[in-house]
Number of protein chains: 4
Amino acid sequence: MTQVLSVECGDRPGLVHGITGVLFRHGVNVVGNHEFVDRAEGRFFMRTEFDGDVRAEEIVGELRTLLPNEAVIRLSRLEPKRVVVLASTEHHCLGDILIRHAYGELNARLLAVVSNHQVLEPLVSRFGLPFHFVSHAGCSREEHEAAVRRTIAGYSPEYLVLAKYMRILSPEFVRAFPQRILNIHHSFLPAFVGARPYHQAFARGVKVIGATAHFVTEQLDEGPIIVQQVIPVDHTHTAEDLRRSGRDIEQLVLARALKLVFEDRVFLCGRRTVIFD
Amino acid sequence: MTQVLSVECGDRPGLVHGITGVLFRHGVNVVGNHEFVDRAEGRFFMRTEFDGDVRAEEIVGELRTLLPNEAVIRLSRLEPKRVVVLASTEHHCLGDILIRHAYGELNARLLAVVSNHQVLEPLVSRFGLPFHFVSHAGCSREEHEAAVRRTIAGYSPEYLVLAKYMRILSPEFVRAFPQRILNIHHSFLPAFVGARPYHQAFARGVKVIGATAHFVTEQLDEGPIIVQQVIPVDHTHTAEDLRRSGRDIEQLVLARALKLVFEDRVFLCGRRTVIFD
Amino acid sequence: MTQVLSVECGDRPGLVHGITGVLFRHGVNVVGNHEFVDRAEGRFFMRTEFDGDVRAEEIVGELRTLLPNEAVIRLSRLEPKRVVVLASTEHHCLGDILIRHAYGELNARLLAVVSNHQVLEPLVSRFGLPFHFVSHAGCSREEHEAAVRRTIAGYSPEYLVLAKYMRILSPEFVRAFPQRILNIHHSFLPAFVGARPYHQAFARGVKVIGATAHFVTEQLDEGPIIVQQVIPVDHTHTAEDLRRSGRDIEQLVLARALKLVFEDRVFLCGRRTVIFD
Amino acid sequence: MTQVLSVECGDRPGLVHGITGVLFRHGVNVVGNHEFVDRAEGRFFMRTEFDGDVRAEEIVGELRTLLPNEAVIRLSRLEPKRVVVLASTEHHCLGDILIRHAYGELNARLLAVVSNHQVLEPLVSRFGLPFHFVSHAGCSREEHEAAVRRTIAGYSPEYLVLAKYMRILSPEFVRAFPQRILNIHHSFLPAFVGARPYHQAFARGVKVIGATAHFVTEQLDEGPIIVQQVIPVDHTHTAEDLRRSGRDIEQLVLARALKLVFEDRVFLCGRRTVIFD
């Protein structure tokens, strides 16, 4: 039974020594360990993975006496995360997630797919998952978001994944799921924020395009970045070619980010992420 | 004796057939050929490299009767380009250019290095090239640029290369060398235009950094892009680490762009470049 | 109606001029054109894509009078290729193909999946395609291959795709589908030919792993390469981690190769491929 | 004054706790820490970088009582390594090293360049370093190596760098500098061991080429790999083009490896390397 201990607190001398001491005295069998001090923010991060049946409450209790009060300490089994996916009309990211989920690759349990279009319903149905069509036709953004949130609420998900969900979420919506919404943006952020990034990239004549998976915050396309990758392009690519080539990198980047987040490998440090892979 | 024919004009049917017909009747031995139609702009581009002693004027004359009046036709031996380098204090791009130039890799003849600092003089001297220190201390941008231009003028260069020249050039300066100034920008444009891109990249928490070689136009960092490359980074990199890692990619990207431009492989198409490599 | 003209023959002066002349006189609207001369082999390759209703037989007839007898000339609409997939137990390449096929991305019609294991049947069934389990238990390689070939024969496929099919095909089998079997090898060939390449890569301590899509020839892992890509790895990766990370690149490389081959963009030139992308 | 503690020993529980305890009690200011357990070999590796004036002998003494007898413990200031470079006729790796060395980027002191050709002497002289021409003409490999070793001996280098030294070293030579000879091989090992890798790569039709920096062992091209990188290529590249493109990646890979080794960031673990970057 693999368990993961995560610690995050203000940095000070002796943290590694102290924390490893607690684990050592409990006789845990560490199979992976990462620590990092972000000097710009003065924050300490640690993630330790270990096997064996441990008295989790006792370990956490001892760590609490050792660490500053503000320390964030989590010790848990790596249970699959409860996830709802939001999508619009594009199938590639959603399709890739469905396959990976079907084979248990993401440490997640997909509860449902919610979409403002109907076109992806057949794909979702192939995998026996609930699909909810919540039309935005004829209603305000507030009304539509309220309907989406009601649909989501029935599933109590830990995370929302925007798999090419082409609607901009209101700050209220985002605040309801703090640090729990993951998005794939189809450009190498911060280049080409906003709409139609492939058309922007074509017009600018770039020689590399990319995709960015990030946490959603109230500022559009400004949230902490989890994974980025790029591919080379050249003058023979039209904007449509860029869009097509970009899809492969989008699905890879999103899948990679989901795996990292759902295995508790991603920490937030101000606007940046610390990733223990 | 390798010669290069470049043709650029509005697209219309039969261009390739017509141009290759002229070359065929002159019995040239084509060793490399590229053509491209940019549909967004409706422009035709062609670059043909051939061996053998040809009657260049006759070929160009026949092509003129065949092609639209606005066609740009060049047929020339691939003579090394006459180049002046501008630098400030960083050695890595300049050093790389000096080595490549010393071994004839760039199809260029470096005439001189001009700098607003003295620190690179020893490096340039090792390679026996003129070094001109043109201080910007105590003078206006106009005065400094005038002094730089006087220094450059003595060499009549075809191209200026900004090898980490940390001064922003005035529109007047740029207009004096239209499409003949090459710059290396230390970010993946259009991300992080302007000053201190590595600090911007650190603050934004990107997972990839890059460098961009581009033509200089009157809008800072907005000129047509020639070469871009990126490298992955992670949370362990400080802004200073990014700067250090970025230098390797900067020198590679600039060298690559210089080689392409000086071998007449780069065409301008609006804000984009067409590159026949 | 997009049509594609492919020409391949021994190189000689005037080929481009001659071929473009035929197309020009027929008034075709060329939307993409590539040509290449392989000097090592003295072979000429050309691929032209054009719109419009043309008299294909007349064009081919005129080209025959123009080109050497040995020339290979094809002019056809880009019809989806008829394809049978062979797989064993791994789902990732097959899953990716099924999604892309479902959305018409591959210019292929998947006719069936044949496997020597049953485990992938549920995945294939989700997409409503025939799945044939042809067990190799208790039969010789000859007997098993005969059974597989009988199953395939019912579909008359143009191409076979080995999507992590972990059986080595006999020369007889390969000869029955000359240049029509595509394989994904889970290493950067020619490194780590043969079995368990990720374990070989781990033991050798490489810092980059890759995947290779190639045509299958009678020599194992020696066929012409179509697409290769790599990803960086480090000392923290176990052999199992390499295998897991490698899967993402395998599925991307295979999908890319299928798209290129099925759009008639891949030419064979001895042991190498010429790819017009 | 930055100091680096390196520890390597058989793995057992409590090592991190014990070692960090010693450092904590000595009040060192840790600025960077890495540890790694290689489970395949059962080895523990740790590298800690810290500031401040410490009683190094006391720290090492306390660690000796704590750690197994076979533990390798080093604590030292990061003094520049004493290095001799061997080269033949190619300038690009040597030139890059000379520039980086001139600006203190490699944590090394270049003592001399030894070559079996004279052609690189002018380049080395530009940088004011000793150049030793040791001809192999008319002498056996044993005689030539003896002469090279006599030349090297005068400098007592810690490391030898083979910067495109095109002679195969005898096992005796290699044994004289155990784990202290660094080589750049112009392919992505283990693909294309031996001579003329770019010609091999061309003949095999690969779509990616690479370079490998590795420790030299008695088996040619079989030593532990430090850095590898690759670049994409295509059918338009001749063997000569591959060689030319490959040079850029060779010089980058070698420079990267030298920096890592000379900053004591590379540990050997059987045939693999552990790199704390």
# chains A, B, ... in the order shown; residues from 1 in each chain; ligands from 1

$ residues_around --residues "segment 67-78 of chain A" --least-positions-apart "3" --cutoff "7 Å" --atoms "only C-alpha atoms" --output "mmCIF file with N, CA and C atoms, in the first residue's frame"
data_model
loop_
_atom_site.group_PDB
_atom_site.id
_atom_site.type_symbol
_atom_site.label_atom_id
_atom_site.label_comp_id
_atom_site.auth_asym_id
_atom_site.auth_seq_id
_atom_site.Cartn_x
_atom_site.Cartn_y
_atom_site.Cartn_z
ATOM 1 N N THR A 2 0.967 1.920 -1.150
ATOM 2 C CA THR A 2 1.811 3.114 -1.236
ATOM 3 C C THR A 2 1.132 4.303 -0.563
ATOM 4 N N GLN A 3 1.904 5.020 0.229
ATOM 5 C CA GLN A 3 1.392 6.231 0.855
ATOM 6 C C GLN A 3 2.304 7.396 0.490
ATOM 7 N N VAL A 4 1.714 8.570 0.519
ATOM 8 C CA VAL A 4 2.486 9.753 0.155
ATOM 9 C C VAL A 4 2.380 10.790 1.274
ATOM 10 N N LEU A 5 3.541 11.232 1.733
ATOM 11 C CA LEU A 5 3.593 12.342 2.680
ATOM 12 C C LEU A 5 4.006 13.600 1.934
ATOM 13 N N SER A 6 3.201 14.655 2.073
ATOM 14 C CA SER A 6 3.549 15.954 1.480
ATOM 15 C C SER A 6 3.703 16.971 2.593
ATOM 16 N N VAL A 7 4.755 17.734 2.535
ATOM 17 C CA VAL A 7 4.957 18.788 3.528
ATOM 18 C C VAL A 7 5.294 20.080 2.793
ATOM 19 N N GLU A 8 4.720 21.163 3.258
ATOM 20 C CA GLU A 8 5.014 22.473 2.696
ATOM 21 C C GLU A 8 4.996 23.483 3.830
ATOM 22 N N CYS A 9 6.072 24.253 3.958
ATOM 23 C CA CYS A 9 6.108 25.269 5.022
ATOM 24 C C CYS A 9 7.225 26.271 4.737
ATOM 25 N N ALA A 56 -0.549 6.486 10.410
ATOM 26 C CA ALA A 56 -0.501 7.789 9.757
ATOM 27 C C ALA A 56 -0.770 8.924 10.741
ATOM 28 N N LEU A 63 4.860 15.218 13.321
ATOM 29 C CA LEU A 63 5.333 16.268 12.411
ATOM 30 C C LEU A 63 4.764 17.624 12.825
ATOM 31 N N ARG A 64 3.530 17.629 13.284
ATOM 32 C CA ARG A 64 2.918 18.904 13.690
ATOM 33 C C ARG A 64 3.697 19.538 14.838
ATOM 34 N N GLU A 263 -1.398 12.363 -8.944
ATOM 35 C CA GLU A 263 -0.501 11.598 -8.076
ATOM 36 C C GLU A 263 0.116 12.496 -6.998
#

$ interface_residues --of "chain C" --to "chain A" --cutoff "12 Å" --atoms "only C-alpha atoms" --output "count of residues only"
52

$ atom_distance --atom1 "atom CA of Leu182 of chain C" --atom2 "atom CA of Glu143 of chain C"
22.3 Å

$ select_by_dssp --residues "segment 51-262 of chain D" --states "strand (DSSP E or B)" --output "ChimeraX atom specification"
/D:51,72-77,81-87,108-115,131-133,159-162,181-185,208-215,225-232

$ select_by_dssp --residues "segment 44-273 of chain D" --states "alpha helix (DSSP H)" --output "VMD selection string"
chain D and resid 56 to 66 92 to 102 121 to 126 141 to 153 171 to 175 197 to 204 239 to 262

$ residues_around --residues "Cys269 of chain D" --least-positions-apart "5" --cutoff "9 Å" --atoms "only C-alpha atoms" --output "compact mmCIF listing (two decimals) with C-alpha atoms, in the first residue's frame"
# COMPACT_ATOMS: atom_id res chain seq x y z
CA ASP D 38 19.52 3.35 -7.19
CA GLU D 41 22.31 -1.57 -7.55
CA ARG D 43 23.41 2.29 -3.86
CA PRO D 224 28.88 5.44 -18.90
CA VAL D 274 23.66 9.59 -11.57

$ atom_distance --atom1 "atom CA of Pro178 of chain A" --atom2 "atom CA of Gly42 of chain A"
22.8 Å

$ residues_around --residues "Ile184 of chain D" --least-positions-apart "2" --cutoff "7 Å" --atoms "only C-alpha atoms" --output "MDAnalysis selection string"
chainID D and resid 162:164 186 212:214 250 254

$ residues_around --residues "Pro157 of chain B" --least-positions-apart "4" --cutoff "8 Å" --atoms "only C-alpha atoms" --output "list in words"
Lys81, Arg82, Val83, Val84, Leu111, Ile152 and Ala153 of chain B

$ write_last_selection --atoms "N, CA and C atoms" --output "CSV table (one decimal), in the first residue's frame"
chain,number,residue,atom,x,y,z
B,81,LYS,N,29.0,37.3,-47.3
B,81,LYS,CA,28.4,38.6,-47.0
B,81,LYS,C,29.3,39.4,-46.2
B,82,ARG,N,29.3,40.7,-46.4
B,82,ARG,CA,30.1,41.7,-45.6
B,82,ARG,C,29.3,42.1,-44.3
B,83,VAL,N,29.8,41.8,-43.2
B,83,VAL,CA,29.1,41.9,-41.9
B,83,VAL,C,29.8,42.6,-40.8
B,84,VAL,N,29.1,43.5,-40.1
B,84,VAL,CA,29.6,44.2,-38.9
B,84,VAL,C,28.7,43.7,-37.7
B,111,LEU,N,33.8,42.1,-40.7
B,111,LEU,CA,34.6,43.3,-41.0
B,111,LEU,C,35.1,43.9,-39.7
B,152,ILE,N,30.3,52.3,-38.5
B,152,ILE,CA,29.8,51.2,-39.4
B,152,ILE,C,30.1,51.7,-40.8
B,153,ALA,N,29.8,52.9,-41.1
B,153,ALA,CA,29.8,53.4,-42.5
B,153,ALA,C,31.1,53.1,-43.2
